[in-house]
>>> print(open('query.cif').read())   # mmCIF, C-alpha atoms
data_entry
#
loop_
_atom_site.label_atom_id
_atom_site.label_comp_id
_atom_site.auth_asym_id
_atom_site.auth_seq_id
_atom_site.Cartn_x
_atom_site.Cartn_y
_atom_site.Cartn_z
CA MET A 1 -121.40 -120.10 -197.94
CA ALA A 2 -118.93 -122.05 -195.83
CA ALA A 3 -118.69 -125.79 -196.41
CA PRO A 4 -120.26 -127.93 -193.67
CA ARG A 5 -118.01 -129.26 -190.95
CA ARG A 6 -116.95 -132.83 -191.73
CA VAL A 7 -117.28 -135.66 -189.23
CA LEU A 8 -115.67 -139.01 -189.97
CA PHE A 9 -116.55 -142.19 -188.09
CA LEU A 10 -113.87 -144.90 -187.95
CA VAL A 11 -115.26 -148.31 -186.90
CA ASN A 12 -113.75 -151.77 -187.33
CA HIS A 13 -117.00 -153.53 -188.29
CA THR A 14 -119.70 -152.19 -190.62
CA GLY A 15 -122.43 -154.27 -188.99
CA PHE A 16 -121.56 -152.79 -185.60
CA PHE A 17 -121.71 -149.28 -187.05
CA LEU A 18 -125.16 -149.96 -188.51
CA SER A 19 -126.54 -151.38 -185.27
CA HIS A 20 -124.88 -148.99 -182.81
CA ARG A 21 -123.91 -145.72 -184.52
CA LEU A 22 -126.01 -145.21 -187.65
CA PRO A 23 -128.73 -143.16 -185.89
CA LEU A 24 -126.07 -140.82 -184.50
CA ALA A 25 -124.48 -140.41 -187.95
CA LEU A 26 -127.85 -139.62 -189.51
CA ALA A 27 -128.60 -137.13 -186.74
CA ALA A 28 -125.23 -135.47 -187.36
CA ARG A 29 -126.07 -135.18 -191.06
CA ALA A 30 -129.48 -133.70 -190.20
CA ALA A 31 -127.68 -131.19 -187.95
CA GLY A 32 -125.69 -129.96 -190.95
CA TYR A 33 -122.47 -131.96 -190.75
CA GLY A 34 -120.92 -133.66 -193.75
CA VAL A 35 -120.69 -137.25 -192.53
CA HIS A 36 -118.16 -139.86 -193.66
CA VAL A 37 -117.81 -143.45 -192.45
CA ALA A 38 -114.67 -145.61 -192.72
CA THR A 39 -114.91 -149.37 -192.14
CA PRO A 40 -113.39 -152.52 -193.63
CA HIS A 41 -115.30 -153.97 -196.56
CA SER A 42 -117.91 -156.57 -195.59
CA LYS A 43 -121.34 -157.89 -196.54
CA HIS A 44 -122.90 -155.01 -194.57
CA VAL A 45 -121.40 -152.23 -196.72
CA PRO A 46 -124.26 -152.09 -199.30
CA ALA A 47 -126.74 -151.38 -196.50
CA LEU A 48 -124.48 -148.56 -195.30
CA GLN A 49 -124.15 -147.12 -198.80
CA GLN A 50 -127.93 -147.07 -199.17
CA THR A 51 -128.09 -144.45 -196.42
CA GLY A 52 -126.24 -141.98 -198.62
CA LEU A 53 -123.41 -141.53 -196.16
CA ALA A 54 -119.95 -141.28 -197.74
CA TRP A 55 -118.19 -144.63 -197.15
CA HIS A 56 -114.43 -145.30 -197.24
CA ASP A 57 -112.77 -148.71 -197.21
CA VAL A 58 -109.96 -149.15 -194.69
CA PRO A 59 -107.96 -152.36 -194.11
CA LEU A 60 -108.59 -152.78 -190.39
CA SER A 61 -108.86 -156.19 -188.75
CA ARG A 62 -110.68 -156.58 -185.45
CA SER A 63 -108.23 -158.96 -183.79
CA GLY A 64 -105.19 -159.37 -186.06
CA VAL A 65 -101.71 -158.91 -184.63
CA ASN A 66 -99.51 -159.20 -187.74
CA PRO A 67 -97.21 -156.17 -187.37
CA PHE A 68 -96.94 -155.54 -191.12
CA LEU A 69 -100.72 -155.52 -191.55
CA GLU A 70 -101.18 -153.33 -188.50
CA VAL A 71 -98.69 -150.77 -189.80
CA ARG A 72 -100.55 -150.85 -193.13
CA SER A 73 -103.80 -150.15 -191.29
CA LEU A 74 -102.32 -147.17 -189.49
CA ALA A 75 -100.83 -145.80 -192.73
CA SER A 76 -104.16 -146.22 -194.54
CA ILE A 77 -106.04 -144.35 -191.82
CA HIS A 78 -103.48 -141.55 -191.88
CA ALA A 79 -103.79 -141.28 -195.67
CA LEU A 80 -107.59 -141.23 -195.41
CA TYR A 81 -107.51 -138.39 -192.88
CA ARG A 82 -105.17 -136.35 -195.04
CA ARG A 83 -107.43 -136.92 -198.05
CA VAL A 84 -110.83 -136.25 -196.44
CA ARG A 85 -109.62 -133.55 -194.05
CA PRO A 86 -112.30 -134.11 -191.39
CA ASP A 87 -112.88 -131.45 -188.77
CA LEU A 88 -113.68 -134.14 -186.20
CA VAL A 89 -113.11 -137.89 -186.13
CA HIS A 90 -115.21 -140.25 -184.00
CA HIS A 91 -113.40 -143.51 -183.28
CA VAL A 92 -115.30 -146.53 -181.95
CA THR A 93 -113.68 -149.59 -180.23
CA ALA A 94 -110.05 -150.23 -179.35
CA LYS A 95 -108.14 -150.41 -182.63
CA PRO A 96 -109.88 -147.42 -184.24
CA VAL A 97 -109.32 -145.46 -181.01
CA ILE A 98 -105.62 -146.27 -180.84
CA TYR A 99 -104.70 -146.10 -184.53
CA GLY A 100 -107.16 -143.32 -185.30
CA THR A 101 -105.86 -141.01 -182.57
CA ILE A 102 -102.27 -141.47 -183.74
CA ALA A 103 -103.31 -140.80 -187.34
CA ALA A 104 -105.40 -137.78 -186.33
CA ARG A 105 -102.46 -136.24 -184.52
CA LEU A 106 -100.12 -136.82 -187.47
CA ALA A 107 -102.66 -135.55 -190.01
CA GLY A 108 -103.59 -132.47 -188.00
CA VAL A 109 -107.25 -133.37 -187.45
CA PRO A 110 -108.60 -130.61 -185.16
CA ALA A 111 -110.87 -132.68 -182.88
CA VAL A 112 -111.13 -136.29 -181.74
CA VAL A 113 -113.86 -138.30 -180.02
CA ASN A 114 -112.80 -141.73 -178.78
CA ALA A 115 -115.72 -144.00 -177.88
CA VAL A 116 -114.77 -147.05 -175.82
CA SER A 117 -117.83 -149.30 -176.04
CA GLY A 118 -116.24 -151.94 -173.81
CA MET A 119 -112.81 -153.25 -172.89
CA GLY A 120 -113.14 -156.29 -175.17
CA HIS A 121 -112.02 -159.89 -174.87
CA ALA A 122 -108.46 -158.90 -173.90
CA PHE A 123 -109.75 -157.59 -170.57
CA THR A 124 -111.82 -160.68 -169.87
CA ALA A 125 -109.98 -163.11 -167.60
CA GLY A 126 -107.76 -165.53 -169.49
CA GLY A 127 -104.39 -167.24 -169.70
CA PRO A 128 -100.88 -165.88 -170.35
CA GLY A 129 -101.70 -164.96 -173.95
CA ARG A 130 -104.62 -162.84 -172.85
CA ARG A 131 -102.51 -161.14 -170.19
CA MET A 132 -99.85 -160.29 -172.78
CA LEU A 133 -102.51 -158.82 -175.06
CA ARG A 134 -103.89 -156.78 -172.15
CA GLY A 135 -100.43 -155.41 -171.50
CA ALA A 136 -99.95 -154.46 -175.14
CA ILE A 137 -103.33 -152.71 -175.32
CA SER A 138 -102.67 -150.90 -172.04
CA ALA A 139 -99.35 -149.62 -173.34
CA ALA A 140 -100.99 -148.58 -176.62
CA TYR A 141 -103.80 -146.69 -174.89
CA GLY A 142 -101.32 -144.94 -172.62
CA ARG A 143 -99.15 -143.77 -175.51
CA ALA A 144 -101.79 -143.15 -178.18
CA LEU A 145 -104.41 -141.05 -176.39
CA ARG A 146 -102.48 -137.82 -176.56
CA HIS A 147 -104.45 -135.51 -178.86
CA PRO A 148 -104.66 -131.89 -177.61
CA ASN A 149 -108.42 -131.56 -178.35
CA MET A 150 -109.94 -134.92 -177.45
CA ARG A 151 -112.74 -136.43 -175.41
CA VAL A 152 -112.95 -140.09 -174.39
CA ILE A 153 -116.46 -141.54 -174.08
CA VAL A 154 -116.90 -144.51 -171.76
CA GLN A 155 -120.15 -146.26 -170.96
CA ASN A 156 -119.92 -147.09 -167.27
CA ARG A 157 -118.42 -145.65 -164.09
CA GLU A 158 -115.85 -148.43 -163.66
CA HIS A 159 -114.31 -147.77 -167.05
CA ALA A 160 -114.21 -144.02 -166.43
CA GLU A 161 -112.24 -144.63 -163.24
CA PHE A 162 -110.05 -147.25 -164.94
CA PHE A 163 -108.99 -144.89 -167.74
CA ALA A 164 -108.25 -142.07 -165.32
CA ALA A 165 -106.42 -144.25 -162.78
CA HIS A 166 -104.17 -145.75 -165.47
CA GLY A 167 -103.37 -142.33 -166.93
CA TRP A 168 -104.82 -143.25 -170.32
CA ALA A 169 -106.79 -140.00 -170.43
CA ARG A 170 -107.12 -136.93 -168.27
CA ARG A 171 -110.15 -137.00 -165.99
CA GLU A 172 -111.41 -133.75 -167.50
CA ASP A 173 -111.36 -135.34 -170.98
CA ILE A 174 -113.48 -138.37 -169.98
CA ARG A 175 -117.24 -138.33 -170.57
CA LEU A 176 -119.73 -140.92 -169.37
CA LEU A 177 -122.41 -141.69 -171.97
CA ALA A 178 -124.32 -144.85 -171.14
CA GLY A 179 -124.41 -146.84 -174.35
CA SER A 180 -125.48 -145.94 -177.87
CA GLY A 181 -129.13 -145.35 -176.99
CA VAL A 182 -132.35 -147.12 -177.87
CA ASP A 183 -135.23 -145.91 -180.05
CA MET A 184 -138.09 -145.67 -177.57
CA ALA A 185 -140.67 -145.64 -180.37
CA ALA A 186 -139.35 -148.86 -181.94
CA PHE A 187 -138.77 -150.81 -178.70
CA VAL A 188 -142.04 -150.70 -176.79
CA PRO A 189 -143.75 -152.95 -174.23
CA ARG A 190 -146.27 -155.39 -175.65
CA ALA A 191 -149.61 -156.25 -174.12
CA ALA A 192 -149.28 -158.13 -170.84
CA ARG A 193 -149.31 -161.89 -171.32
CA ARG A 194 -149.59 -164.74 -168.87
CA PRO A 195 -148.63 -167.71 -170.99
CA PRO A 196 -148.46 -171.24 -169.65
CA GLN A 197 -144.84 -171.41 -170.88
CA VAL A 198 -142.73 -168.31 -170.27
CA ARG A 199 -140.14 -167.43 -172.91
CA ILE A 200 -136.66 -166.46 -171.71
CA VAL A 201 -134.31 -164.87 -174.24
CA LEU A 202 -130.55 -164.38 -174.26
CA ALA A 203 -129.62 -162.10 -177.18
CA ALA A 204 -125.92 -161.42 -177.76
CA ARG A 205 -122.85 -162.35 -179.70
CA LEU A 206 -122.62 -166.01 -178.81
CA LEU A 207 -119.43 -166.05 -176.76
CA TYR A 208 -118.58 -168.15 -173.74
CA SER A 209 -117.64 -164.89 -171.99
CA LYS A 210 -121.20 -163.63 -172.48
CA GLY A 211 -122.27 -166.39 -170.09
CA VAL A 212 -123.98 -168.42 -172.79
CA ALA A 213 -122.86 -171.78 -171.40
CA ASP A 214 -124.04 -170.71 -167.93
CA PHE A 215 -127.44 -169.85 -169.44
CA VAL A 216 -127.63 -173.27 -171.08
CA GLU A 217 -126.76 -174.98 -167.80
CA ALA A 218 -129.42 -172.91 -166.02
CA ALA A 219 -131.91 -173.95 -168.70
CA ARG A 220 -131.09 -177.59 -168.00
CA MET A 221 -131.78 -176.98 -164.30
CA LEU A 222 -135.13 -175.35 -165.05
CA LYS A 223 -136.11 -178.25 -167.28
CA ALA A 224 -135.12 -180.81 -164.63
CA ARG A 225 -137.29 -178.98 -162.07
CA GLY A 226 -140.27 -178.93 -164.39
CA VAL A 227 -140.36 -175.14 -164.69
CA ALA A 228 -142.66 -174.10 -167.53
CA ALA A 229 -140.10 -172.11 -169.47
CA THR A 230 -138.56 -172.06 -172.95
CA CYS A 231 -135.00 -170.73 -173.07
CA VAL A 232 -133.93 -169.19 -176.37
CA LEU A 233 -130.52 -168.14 -177.72
CA VAL A 234 -130.60 -165.31 -180.27
CA GLY A 235 -127.41 -164.34 -182.06
CA GLU A 236 -124.54 -165.88 -183.92
CA PRO A 237 -120.92 -166.89 -183.27
CA ASP A 238 -118.17 -164.31 -183.75
CA SER A 239 -115.25 -165.94 -185.53
CA ASP A 240 -112.96 -163.00 -184.71
CA ASN A 241 -113.33 -163.56 -180.97
CA PRO A 242 -111.42 -166.41 -179.25
CA SER A 243 -114.38 -166.91 -176.90
CA SER A 244 -116.78 -167.67 -179.76
CA ILE A 245 -118.98 -170.74 -179.36
CA PRO A 246 -118.78 -173.16 -182.32
CA LEU A 247 -121.94 -173.49 -184.38
CA ALA A 248 -121.81 -177.26 -183.87
CA THR A 249 -122.02 -176.73 -180.10
CA LEU A 250 -125.02 -174.43 -180.47
CA ARG A 251 -126.79 -176.99 -182.64
CA ARG A 252 -125.97 -179.76 -180.16
CA TRP A 253 -127.51 -177.75 -177.32
CA HIS A 254 -130.58 -177.16 -179.47
CA ASP A 255 -130.91 -180.84 -180.38
CA GLU A 256 -130.50 -181.76 -176.73
CA GLY A 257 -133.64 -179.76 -175.98
CA ALA A 258 -132.20 -177.55 -173.25
CA ILE A 259 -132.54 -174.40 -175.36
CA GLU A 260 -133.89 -173.22 -178.69
CA TYR A 261 -131.22 -171.78 -180.98
CA ALA A 262 -132.89 -169.08 -183.07
CA GLY A 263 -129.78 -167.72 -184.81
CA ARG A 264 -129.32 -164.08 -185.71
CA GLN A 265 -132.53 -162.04 -185.84
CA SER A 266 -132.88 -158.64 -187.50
CA ASP A 267 -136.13 -157.69 -185.72
CA MET A 268 -135.06 -157.51 -182.08
CA ALA A 269 -138.15 -155.55 -181.10
CA GLY A 270 -140.18 -158.49 -182.38
CA VAL A 271 -137.98 -160.95 -180.48
CA TYR A 272 -138.62 -159.13 -177.21
CA ALA A 273 -142.33 -158.76 -177.99
CA ASP A 274 -142.55 -162.57 -177.92
CA ALA A 275 -140.49 -162.89 -174.72
CA ASP A 276 -141.27 -162.66 -171.02
CA ILE A 277 -137.79 -162.44 -169.49
CA ALA A 278 -134.37 -161.32 -170.77
CA CYS A 279 -131.17 -162.91 -169.48
CA LEU A 280 -127.47 -162.11 -169.91
CA PRO A 281 -125.16 -163.81 -167.37
CA THR A 282 -122.09 -162.16 -168.87
CA PHE A 283 -118.57 -161.84 -167.50
CA TYR A 284 -117.31 -160.09 -170.65
CA ALA A 285 -115.66 -156.67 -170.26
CA GLU A 286 -118.88 -154.89 -171.20
CA GLY A 287 -119.54 -151.22 -171.78
CA VAL A 288 -123.32 -151.19 -171.42
CA PRO A 289 -124.96 -154.17 -173.16
CA LYS A 290 -127.31 -152.85 -175.83
CA SER A 291 -129.45 -155.99 -175.60
CA LEU A 292 -130.28 -155.23 -171.95
CA ILE A 293 -131.30 -151.65 -172.74
CA GLU A 294 -133.52 -152.82 -175.59
CA ALA A 295 -135.09 -155.54 -173.44
CA ALA A 296 -135.80 -153.07 -170.64
CA ALA A 297 -137.32 -150.62 -173.13
CA CYS A 298 -139.67 -153.43 -174.16
CA GLY A 299 -140.78 -153.85 -170.57
CA LEU A 300 -139.01 -157.12 -169.86
CA PRO A 301 -137.60 -157.99 -166.44
CA ILE A 302 -133.92 -158.92 -166.65
CA VAL A 303 -131.65 -161.47 -165.03
CA THR A 304 -128.02 -160.47 -165.45
CA THR A 305 -124.74 -160.44 -163.57
CA ASP A 306 -123.62 -158.01 -160.91
CA TRP A 307 -121.00 -156.73 -163.32
CA PRO A 308 -119.82 -153.41 -164.80
CA GLY A 309 -122.27 -152.18 -167.42
CA CYS A 310 -124.99 -154.64 -166.43
CA ARG A 311 -125.62 -153.03 -163.07
CA ASP A 312 -125.83 -149.68 -164.87
CA VAL A 313 -128.98 -150.98 -166.56
CA VAL A 314 -130.44 -153.22 -163.83
CA ALA A 315 -131.12 -152.17 -160.25
CA ASP A 316 -131.43 -155.39 -158.28
CA GLY A 317 -135.02 -155.98 -157.20
CA GLU A 318 -136.36 -153.02 -159.18
CA ASN A 319 -136.23 -153.88 -162.88
CA GLY A 320 -134.48 -157.23 -162.63
CA LEU A 321 -132.29 -159.52 -160.57
CA LEU A 322 -128.49 -159.44 -160.34
CA VAL A 323 -126.57 -162.69 -159.85
CA PRO A 324 -122.88 -163.52 -159.37
CA ILE A 325 -120.80 -164.23 -162.46
CA LYS A 326 -120.18 -167.85 -163.50
CA ASP A 327 -122.98 -169.16 -161.27
CA PRO A 328 -125.56 -171.13 -163.31
CA ALA A 329 -127.43 -172.18 -160.16
CA ALA A 330 -127.99 -168.54 -159.22
CA VAL A 331 -129.14 -167.79 -162.78
CA ALA A 332 -131.60 -170.69 -162.64
CA ALA A 333 -132.95 -169.58 -159.24
CA ALA A 334 -133.51 -166.01 -160.44
CA LEU A 335 -135.18 -167.17 -163.65
CA GLU A 336 -137.39 -169.59 -161.74
CA ARG A 337 -138.47 -166.81 -159.39
CA LEU A 338 -139.50 -164.56 -162.28
CA ALA A 339 -141.08 -167.38 -164.28
CA GLY A 340 -143.39 -168.16 -161.38
CA ASP A 341 -144.48 -164.59 -160.60
CA PRO A 342 -146.21 -162.72 -163.47
CA ASP A 343 -147.04 -159.76 -161.23
CA LEU A 344 -143.37 -159.34 -160.33
CA ARG A 345 -142.44 -159.54 -164.01
CA ALA A 346 -144.96 -156.82 -164.84
CA ARG A 347 -143.79 -154.52 -162.03
CA MET A 348 -140.13 -154.93 -162.96
CA GLY A 349 -140.93 -154.42 -166.63
CA ARG A 350 -142.59 -151.08 -165.95
CA SER A 351 -139.64 -149.98 -163.83
CA GLY A 352 -137.19 -150.98 -166.56
CA ARG A 353 -139.04 -149.01 -169.22
CA ALA A 354 -139.02 -145.90 -167.02
CA ARG A 355 -135.30 -146.33 -166.33
CA VAL A 356 -134.45 -146.50 -170.03
CA GLU A 357 -136.62 -143.48 -170.82
CA ARG A 358 -134.70 -141.51 -168.21
CA ASP A 359 -131.11 -142.63 -168.87
CA PHE A 360 -130.70 -144.56 -172.12
CA SER A 361 -132.95 -143.18 -174.84
CA LEU A 362 -131.53 -142.63 -178.32
CA GLU A 363 -132.67 -139.02 -178.17
CA THR A 364 -130.71 -138.39 -174.97
CA ILE A 365 -127.50 -140.08 -176.14
CA THR A 366 -127.62 -138.38 -179.55
CA ARG A 367 -128.23 -134.94 -178.07
CA GLU A 368 -125.34 -135.30 -175.62
CA THR A 369 -122.96 -136.59 -178.30
CA LEU A 370 -123.76 -133.77 -180.74
CA ALA A 371 -123.26 -131.29 -177.90
CA LEU A 372 -119.83 -132.86 -177.37
CA TYR A 373 -119.03 -132.33 -181.06
CA GLY A 374 -119.96 -128.67 -180.71
CA GLU A 375 -117.81 -128.31 -177.59
CA LEU A 376 -114.75 -129.76 -179.33
CA LEU A 377 -115.19 -127.84 -182.57
CA ALA A 378 -115.57 -124.60 -180.65
CA GLU A 379 -112.14 -125.26 -179.16
CA SER A 380 -110.47 -126.22 -182.46
#
>>> encode(input="query.cif", output="structure tokens")
Amino acid sequence: MAAPRRVLFLVNHTGFFLSHRLPLALAARAAGYGVHVATPHSKHVPALQQTGLAWHDVPLSRSGVNPFLEVRSLASIHALYRRVRPDLVHHVTAKPVIYGTIAARLAGVPAVVNAVSGMGHAFTAGGPGRRMLRGAISAAYGRALRHPNMRVIVQNREHAEFFAAHGWARREDIRLLAGSGVDMAAFVPRAARRPPQVRIVLAARLLYSKGVADFVEAARMLKARGVAATCVLVGEPDSDNPSSIPLATLRRWHDEGAIEYAGRQSDMAGVYADADIACLPTFYAEGVPKSLIEAAACGLPIVTTDWPGCRDVVADGENGLLVPIKDPAAVAAALERLAGDPDLRARMGRSGRARVERDFSLETITRETLALYGELLAES
């Protein structure tokens, strides 16, 4: 009997793999693939090892730029590919995509999937340092994505066009898969509630570029107007991202009374079950925000920005309201409108659930990704 085809996932953060790619990896194993996962060591690794998937430690920083360490990362990935001999590698996020594709070409890996979950902080507006980083990443994408049997997965139409227009990948090699999918059985609408105090939740990595400060300012406006609403931040700072909000600032906002800071929560379905509205006024270079898909699956109306990725989830006036970026007053107005109209919230919530069932379910995304594996392996 022939050995099963081997698939190796390369991801720069174990926690991200667990939250965004574990169901796909388990589905690949159930489909008969031998599945390996390579990530840097972290506190999340024991949870990964409990799944029974083969785990490999790779020295891969998320945002480091030390040239000696980066060369070491590339060499380690190349050595791993030569040792494991995967039939297909699935790279997720920028560094794994760039370094992994180079290593795959050198090691003779037959097939490559490059998943770009978002453009990252480098492609969020910034100063000269950010522009230099953007230029370096652009050059790296342009030179690295040159495997003869490769597909590039992007999550929204703007990124598909961006990759093709910049010559980073051939149009015929680009596939649009909207996010990593949501488990429709785990994220379900709760019984309709008409509380005296609506609960508005922003769940995300707590970065300024996610619009967190705009949300806080909107919360202050709602409080000043006497709107019966509680605004809640769910998540934690990200020390690897230059846009991360200091914990002291989050606690100060909480003590001020403008928002409740709930920290990181493992039961997001439970968080949304206790909420009435989801909000994400982001201007980050998103793929498709997973938090918005999960909130919509739970039947919550959404206030978010008219921004790539966000408008893929929210149709303005149907399952939520779109507002301009960096406009706390517009965020406050949209939240106030929803807070005061329970019937509108219910109608938008039903529309959002139907939209996710159609376009963003875990079953759909998994099926399409495994089909992509089969397409590439048939060509290898």
>>> resolve_selection(input="query.cif", expression="the PyMOL selection byres ((chain A and resi 281-287) around 9)", output="PyMOL selection string")
chain A and resi 116-125+154-156+159+178-179+202+207-212+214-215+279-280+288-290+303-310+322-328+331
>>> residues_around(input="query.cif", residues="A:Ile98", least_positions_apart="4", cutoff="12 Å", atoms="all atoms listed in the file", output="PyMOL selection string")
chain A and resi 10-12+60+70+73-74+77+90-94+102-105+112-116+136-147+152+168
>>> resolve_selection(input="query.cif", expression="the PyMOL selection byres ((chain A and resi 193-198) around 8)", output="PDB file with C-alpha atoms, keeping the file's coordinate frame")
ATOM      1  CA  ALA A 191    -149.610-156.250-174.120  1.00  0.00           C
ATOM      2  CA  ALA A 192    -149.280-158.130-170.840  1.00  0.00           C
ATOM      3  CA  ARG A 199    -140.140-167.430-172.910  1.00  0.00           C
ATOM      4  CA  ILE A 200    -136.660-166.460-171.710  1.00  0.00           C
ATOM      5  CA  ALA A 228    -142.660-174.100-167.530  1.00  0.00           C
ATOM      6  CA  ALA A 229    -140.100-172.110-169.470  1.00  0.00           C
ATOM      7  CA  THR A 230    -138.560-172.060-172.950  1.00  0.00           C
ATOM      8  CA  ALA A 275    -140.490-162.890-174.720  1.00  0.00           C
ATOM      9  CA  ASP A 276    -141.270-162.660-171.020  1.00  0.00           C
ATOM     10  CA  ILE A 277    -137.790-162.440-169.490  1.00  0.00           C
ATOM     11  CA  ALA A 339    -141.080-167.380-164.280  1.00  0.00           C
ATOM     12  CA  PRO A 342    -146.210-162.720-163.470  1.00  0.00           C
TER      13      PRO A 342
END
>>> closest_residue(input="query.cif", among="A:Leu370, A:Ile259, A:Leu250, A:Leu292", to="A:Met221", atoms="all atoms listed in the file")
A:Ile259
>>> residues_around(input="query.cif", residues="A:Ile293", least_positions_apart="3", cutoff="12 Å", atoms="all atoms listed in the file", output="PyMOL selection string")
chain A and resi 178-184+187-188+203+268-269+272+278-280+287-290+296-302+304+309-314+319-320+349+352-362
>>> closest_residue(input="query.cif", among="A:Gly263, A:Gly235, A:Gly52, A:Pro96", to="A:Ser291", atoms="only C-alpha atoms")
A:Gly235
>>> residues_around(input="query.cif", residues="A:Ala111", least_positions_apart="2", cutoff="7 Å", atoms="all atoms listed in the file", output="list in words")
Asp87, Leu88, Val89, Val109, Val113, Asn149, Met150, Leu376, Leu377 and Ser380 of chain A
>>> closest_residue(input="query.cif", among="A:Arg345, A:Arg157, A:Lys223, A:Arg151", to="A:Ala371", atoms="only C-alpha atoms")
A:Arg151
>>> atom_distance(input="query.cif", atom1="atom CA of A:Val227", atom2="atom CA of A:Leu344")
16.7 Å
>>> closest_residue(input="query.cif", among="A:Val216, A:Leu53, A:Ala204, A:Val84", to="A:Ala30", atoms="only C-alpha atoms")
A:Leu53
>>> atom_distance(input="query.cif", atom1="atom CA of A:Ile365", atom2="atom CA of A:Phe162")
21.9 Å
>>> atom_distance(input="query.cif", atom1="atom CA of A:Ala186", atom2="atom CA of A:Arg205")
21.4 Å
>>> closest_residue(input="query.cif", among="A:His20, A:Arg225, A:Arg190, A:His56", to="A:Thr39", atoms="only C-alpha atoms")
A:His56
